[in-house]
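Q: If it helps, the file is called start03.cif and holds mmCIF, C-alpha atoms:
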```cif
data_query
#
loop_
_atom_site.label_atom_id
_atom_site.label_comp_id
_atom_site.auth_asym_id
_atom_site.auth_seq_id
_atom_site.Cartn_x
_atom_site.Cartn_y
_atom_site.Cartn_z
CA MET A 1 -28.30 127.75 14.55
CA LYS A 2 -30.77 127.72 11.70
CA PHE A 3 -32.26 124.71 9.93
CA LEU A 4 -34.02 124.48 6.58
CA LEU A 5 -36.69 121.75 6.72
CA VAL A 6 -37.74 120.50 3.27
CA ASP A 7 -40.66 118.06 3.23
CA ASP A 8 -43.98 118.06 1.38
CA SER A 9 -45.69 116.98 4.59
CA LYS A 10 -46.38 119.87 6.93
CA THR A 11 -46.95 117.34 9.69
CA MET A 12 -43.45 115.96 9.21
CA ARG A 13 -41.93 119.45 9.19
CA ASN A 14 -43.78 120.22 12.43
CA ILE A 15 -42.46 117.02 14.02
CA GLN A 16 -38.89 117.80 12.96
CA ARG A 17 -39.22 121.39 14.19
CA LYS A 18 -40.52 120.18 17.55
CA VAL A 19 -37.67 117.68 17.97
CA LEU A 20 -34.93 120.10 16.87
CA SER A 21 -36.32 122.93 19.01
CA SER A 22 -34.61 121.18 21.92
CA LEU A 23 -31.27 122.35 20.45
CA GLU A 24 -30.25 125.66 21.96
CA GLY A 25 -30.90 128.64 19.71
CA ALA A 26 -32.56 126.61 16.95
CA THR A 27 -34.53 128.59 14.38
CA PHE A 28 -36.16 127.33 11.21
CA ALA A 29 -37.08 128.00 7.62
CA GLU A 30 -39.35 125.60 5.74
CA ALA A 31 -40.08 124.50 2.19
CA ALA A 32 -42.58 122.00 0.78
CA ASP A 33 -40.45 120.83 -2.17
CA GLY A 34 -37.12 121.35 -3.88
CA VAL A 35 -38.28 124.35 -5.87
CA GLU A 36 -39.41 126.17 -2.74
CA ALA A 37 -36.19 125.23 -0.98
CA LEU A 38 -34.04 126.72 -3.73
CA ALA A 39 -36.17 129.88 -3.56
CA VAL A 40 -35.63 130.10 0.21
CA ILE A 41 -31.87 129.74 -0.30
CA ALA A 42 -31.82 132.24 -3.18
CA ALA A 43 -33.76 134.72 -1.03
CA GLY A 44 -30.84 134.74 1.39
CA GLN A 45 -32.62 133.17 4.35
CA GLY A 46 -29.47 131.19 5.13
CA PRO A 47 -26.78 130.35 5.93
CA PHE A 48 -28.17 127.14 7.38
CA SER A 49 -26.52 124.95 10.00
CA ALA A 50 -28.11 122.01 8.19
CA VAL A 51 -30.74 121.32 5.53
CA ILE A 52 -33.01 118.34 6.19
CA VAL A 53 -34.42 117.00 2.94
CA ASP A 54 -37.19 114.51 2.16
CA TRP A 55 -36.68 112.37 -0.96
CA ASN A 56 -40.17 111.95 -2.45
CA MET A 57 -41.71 115.36 -3.06
CA PRO A 58 -43.68 116.95 -5.90
CA ASN A 59 -42.18 119.51 -8.32
CA MET A 60 -38.56 118.77 -7.40
CA ASP A 61 -37.55 115.71 -5.39
CA GLY A 62 -34.94 115.63 -2.67
CA ILE A 63 -32.14 113.98 -4.63
CA THR A 64 -32.42 116.63 -7.35
CA LEU A 65 -32.41 119.35 -4.70
CA VAL A 66 -29.25 117.94 -3.13
CA LYS A 67 -27.49 117.91 -6.52
CA LYS A 68 -28.62 121.49 -7.22
CA ILE A 69 -27.39 122.73 -3.84
CA ARG A 70 -24.04 120.95 -4.25
CA GLU A 71 -23.45 122.68 -7.60
CA THR A 72 -22.65 125.86 -5.67
CA ASP A 73 -22.40 124.91 -2.00
CA LYS A 74 -20.04 122.14 -0.95
CA THR A 75 -20.12 122.76 2.80
CA THR A 76 -23.64 123.20 4.20
CA PRO A 77 -24.54 119.89 5.88
CA LEU A 78 -27.34 118.09 4.03
CA ILE A 79 -29.33 115.37 5.81
CA MET A 80 -31.70 113.15 3.84
CA ALA A 81 -34.77 112.18 5.94
CA THR A 82 -36.80 109.71 3.95
CA THR A 83 -38.60 106.38 3.81
CA GLU A 84 -36.17 105.35 1.04
CA SER A 85 -33.91 102.90 2.86
CA GLU A 86 -32.63 100.58 0.12
CA LYS A 87 -28.82 100.47 -0.07
CA ALA A 88 -28.91 101.67 -3.69
CA ARG A 89 -30.89 104.75 -2.67
CA VAL A 90 -28.57 105.54 0.23
CA LEU A 91 -25.55 105.25 -2.09
CA ASP A 92 -27.25 107.53 -4.63
CA ALA A 93 -27.80 110.11 -1.91
CA ILE A 94 -24.20 109.92 -0.68
CA ARG A 95 -22.91 110.30 -4.25
CA ALA A 96 -25.17 113.32 -4.67
CA GLY A 97 -23.61 114.93 -1.62
CA VAL A 98 -25.64 114.22 1.51
CA ASN A 99 -23.71 114.16 4.79
CA ASN A 100 -26.10 111.96 6.77
CA TYR A 101 -29.19 109.83 6.28
CA VAL A 102 -32.25 109.40 8.53
CA VAL A 103 -34.76 106.70 7.69
CA LYS A 104 -38.43 107.39 8.42
CA PRO A 105 -40.01 106.35 10.69
CA PHE A 106 -37.61 107.71 13.28
CA THR A 107 -37.74 108.30 16.99
CA PRO A 108 -37.07 111.82 18.28
CA GLU A 109 -33.84 110.51 19.82
CA SER A 110 -32.56 109.03 16.57
CA LEU A 111 -33.27 112.24 14.61
CA LEU A 112 -31.50 114.32 17.25
CA GLU A 113 -28.54 111.95 17.28
CA LYS A 114 -28.09 112.12 13.49
CA VAL A 115 -28.39 115.92 13.46
CA ASN A 116 -25.92 116.30 16.34
CA GLN A 117 -23.46 113.93 14.61
CA THR A 118 -23.72 115.96 11.43
CA LEU A 119 -23.28 119.31 13.18
CA ALA A 120 -20.26 118.02 15.11
CA LYS A 121 -18.56 116.81 11.91
CA SER A 122 -19.32 120.10 10.21
CA ARG A 123 -17.80 122.08 13.11
CA ALA A 124 -14.74 119.84 13.12
CA ALA A 125 -14.26 120.29 9.36
CA ALA A 126 -14.61 124.06 9.69
CA ALA A 127 -12.02 124.16 12.50
CA ALA A 128 -9.48 122.04 10.61
CA MET B 1 -38.67 86.97 14.35
CA PRO B 2 -42.43 87.43 13.86
CA THR B 3 -44.32 84.56 12.34
CA THR B 4 -46.35 85.00 9.19
CA PRO B 5 -50.09 84.85 9.86
CA ALA B 6 -51.81 82.47 7.47
CA VAL B 7 -53.88 84.11 4.75
CA SER B 8 -57.43 82.86 5.01
CA PRO B 9 -58.65 81.13 1.85
CA THR B 10 -61.72 83.33 1.27
CA PRO B 11 -62.77 84.00 -2.32
CA THR B 12 -61.95 87.36 -3.86
CA THR B 13 -63.09 89.52 -6.73
CA THR B 14 -59.74 88.74 -8.36
CA ALA B 15 -59.44 85.12 -7.28
CA PRO B 16 -55.81 84.39 -6.37
CA SER B 17 -54.31 81.11 -7.47
CA GLN B 18 -52.56 78.95 -4.90
CA ALA B 19 -49.23 80.09 -6.35
CA GLN B 20 -50.28 83.73 -5.87
CA ARG B 21 -51.35 82.95 -2.31
CA ASP B 22 -47.98 81.42 -1.53
CA VAL B 23 -46.08 84.38 -2.96
CA ILE B 24 -48.34 86.89 -1.21
CA ASN B 25 -47.97 85.04 2.07
CA SER B 26 -44.22 84.94 1.93
CA LYS B 27 -43.51 88.27 0.24
CA LEU B 28 -46.13 90.75 1.37
CA VAL B 29 -47.51 90.00 4.79
CA VAL B 30 -44.43 90.28 6.96
CA PRO B 31 -42.98 93.46 5.38
CA PHE B 32 -46.24 95.36 5.78
CA MET B 33 -46.98 93.89 9.21
CA ASN B 34 -43.55 94.95 10.49
CA SER B 35 -43.74 98.35 8.83
CA VAL B 36 -47.12 99.34 10.25
CA ARG B 37 -46.05 98.34 13.74
CA GLU B 38 -42.78 100.23 13.47
CA VAL B 39 -44.36 103.42 12.10
CA PHE B 40 -46.89 103.73 14.90
CA ALA B 41 -44.45 102.65 17.61
CA LYS B 42 -41.75 105.14 16.60
CA MET B 43 -43.77 108.09 15.37
CA ALA B 44 -46.86 107.94 17.60
CA LYS B 45 -45.86 105.67 20.51
CA VAL B 46 -48.91 103.53 19.76
CA ASP B 47 -48.89 99.73 19.96
CA VAL B 48 -50.55 98.20 16.89
CA LYS B 49 -51.67 94.58 16.74
CA VAL B 50 -52.04 92.79 13.41
CA SER B 51 -54.65 90.07 12.82
CA PRO B 52 -54.49 87.29 10.20
CA PRO B 53 -54.95 88.78 6.73
CA HIS B 54 -57.58 87.83 4.18
CA PHE B 55 -58.30 88.56 0.55
CA LYS B 56 -60.81 91.30 -0.17
CA THR B 57 -64.07 89.78 -1.33
CA LYS B 58 -66.03 92.79 -2.52
CA PRO B 59 -65.18 96.22 -3.88
CA GLY B 60 -65.66 99.40 -1.89
CA SER B 61 -64.00 101.08 1.02
CA THR B 62 -63.37 99.31 4.30
CA TYR B 63 -63.28 102.52 6.37
CA GLU B 64 -63.89 106.22 5.80
CA VAL B 65 -60.38 107.71 5.81
CA CYS B 66 -57.81 106.39 3.33
CA GLY B 67 -54.22 107.20 2.47
CA ILE B 68 -53.15 105.72 -0.88
CA ILE B 69 -49.59 105.13 -2.13
CA GLY B 70 -48.76 103.84 -5.60
CA PHE B 71 -45.77 101.63 -6.45
CA SER B 72 -43.95 101.75 -9.78
CA GLY B 73 -40.75 100.37 -11.24
CA GLY B 74 -39.80 96.86 -10.13
CA ILE B 75 -43.10 96.53 -8.26
CA THR B 76 -46.47 97.81 -9.41
CA GLY B 77 -49.73 98.38 -7.56
CA SER B 78 -50.85 100.28 -4.51
CA VAL B 79 -51.32 100.12 -0.78
CA VAL B 80 -54.26 101.75 0.96
CA VAL B 81 -54.19 102.54 4.67
CA SER B 82 -57.85 102.68 5.66
CA PHE B 83 -58.98 104.08 9.04
CA SER B 84 -62.34 104.45 10.69
CA ASP B 85 -63.15 108.11 11.38
CA ALA B 86 -62.68 107.72 15.12
CA ALA B 87 -59.42 105.79 14.85
CA ALA B 88 -58.05 108.24 12.28
CA GLU B 89 -58.65 111.29 14.46
CA LYS B 90 -56.98 109.76 17.49
CA LEU B 91 -54.07 108.14 15.64
CA VAL B 92 -53.40 111.35 13.72
CA GLU B 93 -53.41 113.28 16.99
CA ALA B 94 -50.89 110.83 18.47
CA PHE B 95 -48.70 111.15 15.35
CA ALA B 96 -48.92 114.91 14.83
CA GLY B 97 -48.76 115.74 18.53
CA MET B 98 -51.88 117.89 18.33
CA PRO B 99 -55.57 117.41 17.56
CA LEU B 100 -56.44 118.03 13.90
CA THR B 101 -59.97 118.43 12.66
CA ARG B 102 -61.11 115.91 10.07
CA ASN B 103 -61.78 118.53 7.41
CA SER B 104 -58.50 120.41 7.74
CA PRO B 105 -55.74 120.05 5.12
CA ASP B 106 -53.35 119.17 7.93
CA PHE B 107 -55.45 116.10 8.81
CA ALA B 108 -55.18 114.78 5.25
CA ASP B 109 -51.47 115.63 5.24
CA ALA B 110 -50.90 113.54 8.37
CA VAL B 111 -52.89 110.58 7.01
CA GLY B 112 -50.87 110.75 3.81
CA GLU B 113 -47.57 110.83 5.66
CA LEU B 114 -48.53 107.79 7.73
CA ALA B 115 -49.37 105.92 4.50
CA ASN B 116 -46.09 107.08 2.97
CA MET B 117 -44.04 105.72 5.86
CA ILE B 118 -45.92 102.40 6.00
CA ALA B 119 -45.44 101.81 2.26
CA GLY B 120 -41.87 103.07 2.34
CA GLY B 121 -40.98 100.87 5.29
CA ALA B 122 -42.22 97.74 3.53
CA LYS B 123 -40.76 98.60 0.11
CA PRO B 124 -37.14 97.46 0.67
CA HIS B 125 -38.39 93.99 1.60
CA LEU B 126 -40.57 93.36 -1.45
CA GLY B 127 -37.86 91.97 -3.69
CA ALA B 128 -37.26 94.70 -6.27
CA LEU B 129 -36.20 98.32 -6.44
CA ALA B 130 -39.33 100.42 -6.82
CA SER B 131 -40.51 103.97 -6.42
CA ILE B 132 -43.48 105.13 -4.41
CA SER B 133 -45.81 107.98 -5.24
CA THR B 134 -46.60 110.95 -3.09
CA PRO B 135 -49.76 110.11 -1.12
CA ASN B 136 -53.37 110.71 -2.07
CA VAL B 137 -55.98 110.89 0.68
CA ILE B 138 -59.71 110.17 0.46
CA ILE B 139 -62.06 111.17 3.28
CA GLY B 140 -65.61 109.88 2.92
CA SER B 141 -67.40 106.70 1.97
CA GLY B 142 -68.72 105.03 -1.15
CA TYR B 143 -65.51 104.98 -3.14
CA THR B 144 -63.56 102.08 -4.63
CA VAL B 145 -59.81 101.92 -5.08
CA ALA B 146 -59.43 99.63 -8.08
CA SER B 147 -56.74 96.95 -7.97
CA PRO B 148 -54.51 96.33 -10.98
CA THR B 149 -55.77 93.58 -13.31
CA ASN B 150 -55.14 90.06 -11.99
CA THR B 151 -53.85 91.42 -8.69
CA PRO B 152 -55.70 90.24 -5.59
CA CYS B 153 -56.20 92.70 -2.76
CA LEU B 154 -54.80 91.50 0.54
CA VAL B 155 -56.43 93.03 3.61
CA ILE B 156 -54.28 93.18 6.75
CA PRO B 157 -56.51 94.07 9.74
CA CYS B 158 -54.88 96.18 12.45
CA SER B 159 -56.07 97.24 15.87
CA SER B 160 -54.86 99.93 18.22
CA PRO B 161 -56.00 101.35 21.56
CA PHE B 162 -57.63 104.11 19.49
CA GLY B 163 -59.61 101.87 17.15
CA ASP B 164 -59.29 99.63 14.14
CA PHE B 165 -57.83 100.20 10.71
CA CYS B 166 -56.44 98.05 7.92
CA LEU B 167 -53.96 97.90 5.08
CA GLU B 168 -55.24 96.93 1.63
CA VAL B 169 -52.28 95.72 -0.40
CA SER B 170 -52.70 95.23 -4.16
CA ILE B 171 -49.24 94.77 -5.53
CA ASN B 172 -47.38 92.23 -7.60
CA PRO B 173 -44.37 91.09 -5.61
CA ARG B 174 -41.36 89.62 -7.41
CA ASN B 175 -40.77 85.91 -7.02
#
```
Mind converting the file's structure to structure tokens?

A:
Amino acid sequence: MKFLLVDDSKTMRNIQRKVLSSLEGATFAEAADGVEALAVIAAGQGPFSAVIVDWNMPNMDGITLVKKIRETDKTTPLIMATTESEKARVLDAIRAGVNNYVVKPFTPESLLEKVNQTLAKSRAAAAA
Amino acid sequence: MPTTPAVSPTPTTTAPSQAQRDVINSKLVVPFMNSVREVFAKMAKVDVKVSPPHFKTKPGSTYEVCGIIGFSGGITGSVVVSFSDAAAEKLVEAFAGMPLTRNSPDFADAVGELANMIAGGAKPHLGALASISTPNVIIGSGYTVASPTNTPCLVIPCSSPFGDFCLEVSINPRN
């Protein structure tokens, strides 16, 4: 499985990579903002098992990225991983097309749980 | 439920009125106190203790390594997470999972992300929907982060097994 990690903090991408490396066969692509993420997708580095997206980033923020991805891709699981935890923000993200939501700070266990939940739902939807 | 430490009535460069003190006490202290504890507990497995806050009495930096986050929208102002050099290096190592040299871009990145999570964790509890900026990081001494006009700067001292740091909160909470 391959993940696209989108966060302007390299430290955060490293932490996510380390946590998700415990999943068998996990490989990664990375981007520091929405513009870079779209370039990674356009370059054909996918398909991705899931895209993990920060909200607050320079150049193009995470909510804009989610909307852009959903214009052409309705199925790749998108997980928002952000400090934005207000109900209004979560609802905005769901309306934009995210499949799951991880609030920073997170423990390694909680990130893994959310990613596993999302992958399981995606597999179930694909099998239906 | 944690109790709110009393804000000590020391004078400040922007002298807060009693009404401002009451609002700051009730609106700012607990959200930031809880957030800083949660960030370090979850992301670095470090236990942080918070001491009674006070108002900043003179301009200038408290410590040498600062992550700064701005608030806009329903809340305006900034929060500065200010670490001593020694505390910053060890806390960043605990957070990032590897030692990072003080002058590397990755060190500043990690400091900024810690500030981002502390500000973001407090934000939902400040009484209005607001946005936060991407972080800026200052490493060095002799600088001043100016507070918005008529906004007192609340200093929340923190201690950890790796050394001391503090939060400097200069924001206008909603009543």

Q: In Å, rounded to a single decimal, give me how far atom CA of A:Asn59 is from atom CA of B:Arg102.

A: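 We find that atom CA of B:Arg102 and atom CA of A:Asn59 lie 26.6 Å from each other.
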
Q: For the provided coordinates, the residues matched by the PyMOL selection byres ((chain A) within 8 of (chain B)) should be stated as a short mmCIF file (atom, residue, chain, number, x, y, z; two decimals) with C-alpha atoms, in the coordinates of the input.

A:
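Dumped everything to part23.cif:
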```
data_model
loop_
_atom_site.label_atom_id
_atom_site.label_comp_id
_atom_site.auth_asym_id
_atom_site.auth_seq_id
_atom_site.Cartn_x
_atom_site.Cartn_y
_atom_site.Cartn_z
CA SER A 9 -45.69 116.98 4.59
CA LYS A 10 -46.38 119.87 6.93
CA THR A 11 -46.95 117.34 9.69
CA MET A 12 -43.45 115.96 9.21
CA ASN A 14 -43.78 120.22 12.43
CA ILE A 15 -42.46 117.02 14.02
CA ASN A 56 -40.17 111.95 -2.45
CA MET A 57 -41.71 115.36 -3.06
CA PRO A 58 -43.68 116.95 -5.90
CA THR A 83 -38.60 106.38 3.81
CA GLU A 84 -36.17 105.35 1.04
CA SER A 85 -33.91 102.90 2.86
CA GLU A 86 -32.63 100.58 0.12
CA LYS A 104 -38.43 107.39 8.42
CA PRO A 105 -40.01 106.35 10.69
CA PHE A 106 -37.61 107.71 13.28
CA THR A 107 -37.74 108.30 16.99
#
```

Q: Please return, as a VMD selection string, all polymer residues that have at least one atom within 9 Å of the point (-55.9, 96.7, 19.8); use only C-alpha atoms and the file's own coordinate frame.

A: chain B and resid 47 to 50 158 to 164

Q: Excluding A:Thr64 and any residue of its chain fewer than 2 positions from it, enumerate the residues within 12 Å of it, using all atoms listed in the file, and give them as a list of chain:residue names.

A: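 The neighbour list is A:Asp33, A:Gly34, A:Val35, A:Ala37, A:Leu38, A:Val53, A:Asp54, A:Trp55, A:Asn56, A:Met57, A:Pro58, A:Asn59, A:Met60, A:Asp61, A:Gly62, A:Val66, A:Lys67, A:Lys68, A:Ile69, A:Arg70, A:Glu71, A:Met80, A:Asp92, A:Ala93, A:Arg95, A:Ala96, A:Gly97, A:Val98.
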
Q: Those same residues - C-alpha atoms - I'd like them written as a PDB file, in the coordinates of the input.

A:
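After the write, again37.pdb holds the following:
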```pdb
ATOM      1  CA  ASP A  33     -40.450 120.830  -2.170  1.00  0.00           C
ATOM      2  CA  GLY A  34     -37.120 121.350  -3.880  1.00  0.00           C
ATOM      3  CA  VAL A  35     -38.280 124.350  -5.870  1.00  0.00           C
ATOM      4  CA  ALA A  37     -36.190 125.230  -0.980  1.00  0.00           C
ATOM      5  CA  LEU A  38     -34.040 126.720  -3.730  1.00  0.00           C
ATOM      6  CA  VAL A  53     -34.420 117.000   2.940  1.00  0.00           C
ATOM      7  CA  ASP A  54     -37.190 114.510   2.160  1.00  0.00           C
ATOM      8  CA  TRP A  55     -36.680 112.370  -0.960  1.00  0.00           C
ATOM      9  CA  ASN A  56     -40.170 111.950  -2.450  1.00  0.00           C
ATOM     10  CA  MET A  57     -41.710 115.360  -3.060  1.00  0.00           C
ATOM     11  CA  PRO A  58     -43.680 116.950  -5.900  1.00  0.00           C
ATOM     12  CA  ASN A  59     -42.180 119.510  -8.320  1.00  0.00           C
ATOM     13  CA  MET A  60     -38.560 118.770  -7.400  1.00  0.00           C
ATOM     14  CA  ASP A  61     -37.550 115.710  -5.390  1.00  0.00           C
ATOM     15  CA  GLY A  62     -34.940 115.630  -2.670  1.00  0.00           C
ATOM     16  CA  VAL A  66     -29.250 117.940  -3.130  1.00  0.00           C
ATOM     17  CA  LYS A  67     -27.490 117.910  -6.520  1.00  0.00           C
ATOM     18  CA  LYS A  68     -28.620 121.490  -7.220  1.00  0.00           C
ATOM     19  CA  ILE A  69     -27.390 122.730  -3.840  1.00  0.00           C
ATOM     20  CA  ARG A  70     -24.040 120.950  -4.250  1.00  0.00           C
ATOM     21  CA  GLU A  71     -23.450 122.680  -7.600  1.00  0.00           C
ATOM     22  CA  MET A  80     -31.700 113.150   3.840  1.00  0.00           C
ATOM     23  CA  ASP A  92     -27.250 107.530  -4.630  1.00  0.00           C
ATOM     24  CA  ALA A  93     -27.800 110.110  -1.910  1.00  0.00           C
ATOM     25  CA  ARG A  95     -22.910 110.300  -4.250  1.00  0.00           C
ATOM     26  CA  ALA A  96     -25.170 113.320  -4.670  1.00  0.00           C
ATOM     27  CA  GLY A  97     -23.610 114.930  -1.620  1.00  0.00           C
ATOM     28  CA  VAL A  98     -25.640 114.220   1.510  1.00  0.00           C
TER      29      VAL A  98
END
```

Q: Distance cut-off 12 Å, centre (-68.1, 102.3, 2.4) in file coordinates, counting all atoms listed in the file: which residues qualify? Return them as an MDAnalysis selection string.

A: chainID B and resid 58:66 82:85 138:145

Q: Could you jot down the atom CA of A:Pro108 to atom CA of A:Arg13 separation for me, Å, one decimal place?

A: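 Between atom CA of A:Pro108 and atom CA of A:Arg13 the gap is 12.8 Å.
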
Q: Interatomic distance between atom CA of B:Pro152 and atom CA of B:Phe55?

A: 6.9 Å

Q: Once the PyMOL selection byres ((chain B and resi 166) around 7) is applied to the coordinates I shared, what remains selected? I want it as a list in words.

A: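 Selected by the PyMOL selection byres ((chain B and resi 166) around 7) here: Val81, Ser82, Phe83, Val155, Ile156, Pro157, Cys158, Phe165, Leu167 and Glu168 of chain B.
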
Q: Using all atoms listed in the file, which residues sit within 6 Å of A:Ala50 once same-chain residues fewer than 4 positions away are excluded, as an mmCIF file with C-alpha atoms, in the coordinates of the input?

A:
```cif
data_model
loop_
_atom_site.group_PDB
_atom_site.id
_atom_site.type_symbol
_atom_site.label_atom_id
_atom_site.label_comp_id
_atom_site.auth_asym_id
_atom_site.auth_seq_id
_atom_site.Cartn_x
_atom_site.Cartn_y
_atom_site.Cartn_z
ATOM 1 C CA PHE A 3 -32.260 124.710 9.930
ATOM 2 C CA PRO A 77 -24.540 119.890 5.880
ATOM 3 C CA LEU A 78 -27.340 118.090 4.030
#
```

Q: Might you pull out every residue within 8 Å of A:Leu5, with only C-alpha atoms counted and same-chain residues fewer than 2 positions away left off, and present them as a list in words?

A: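 Once the adjacent positions are removed, what remains is Phe3, Asp7, Arg13, Gln16, Arg17, Phe28, Ala29, Glu30, Ala31, Val51, Ile52 and Val53 of chain A.
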
Q: Please write C-alpha atoms of stretch 31-81 of chain B, from the structure given just now, as a CSV table (one decimal), in the first residue's frame.

A:
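File decode_22.csv, as written:
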```
chain,number,residue,atom,x,y,z
B,31,PRO,CA,-7.3,26.1,27.2
B,32,PHE,CA,-3.6,26.8,26.8
B,33,MET,CA,-2.6,24.9,29.9
B,34,ASN,CA,-4.5,21.8,28.8
B,35,SER,CA,-3.3,22.1,25.2
B,36,VAL,CA,0.4,22.3,26.1
B,37,ARG,CA,0.2,19.3,28.4
B,38,GLU,CA,-1.7,17.3,25.8
B,39,VAL,CA,0.7,18.1,23.0
B,40,PHE,CA,3.8,17.0,24.9
B,41,ALA,CA,2.1,14.0,26.5
B,42,LYS,CA,0.8,12.6,23.2
B,43,MET,CA,3.5,13.6,20.7
B,44,ALA,CA,6.6,13.4,22.8
B,45,LYS,CA,5.6,11.4,25.9
B,46,VAL,CA,6.8,14.2,28.1
B,47,ASP,CA,5.1,15.3,31.3
B,48,VAL,CA,4.7,19.1,31.4
B,49,LYS,CA,3.9,21.0,34.6
B,50,VAL,CA,2.3,24.4,34.4
B,51,SER,CA,2.9,27.1,37.0
B,52,PRO,CA,0.7,30.1,37.9
B,53,PRO,CA,0.7,32.6,35.0
B,54,HIS,CA,1.6,36.2,35.2
B,55,PHE,CA,1.4,39.3,33.0
B,56,LYS,CA,4.6,40.2,31.1
B,57,THR,CA,6.2,43.2,32.7
B,58,LYS,CA,8.9,44.1,30.2
B,59,PRO,CA,9.4,43.7,26.5
B,60,GLY,CA,11.9,41.2,25.0
B,61,SER,CA,12.3,37.5,24.7
B,62,THR,CA,11.9,35.2,27.7
B,63,TYR,CA,14.0,32.4,26.1
B,64,GLU,CA,16.1,31.9,23.0
B,65,VAL,CA,14.0,29.7,20.8
B,66,CYS,CA,10.5,30.8,19.8
B,67,GLY,CA,7.7,29.4,17.7
B,68,ILE,CA,5.0,32.1,16.9
B,69,ILE,CA,1.4,31.5,15.7
B,70,GLY,CA,-0.9,34.3,14.8
B,71,PHE,CA,-4.7,34.3,15.3
B,72,SER,CA,-7.2,36.0,12.9
B,73,GLY,CA,-10.9,36.0,12.4
B,74,GLY,CA,-13.0,35.8,15.5
B,75,ILE,CA,-9.9,36.1,17.7
B,76,THR,CA,-6.9,38.2,17.0
B,77,GLY,CA,-3.4,38.2,18.4
B,78,SER,CA,-0.6,35.7,18.8
B,79,VAL,CA,0.9,33.0,21.0
B,80,VAL,CA,4.6,32.5,21.4
B,81,VAL,CA,6.1,29.2,22.6
```
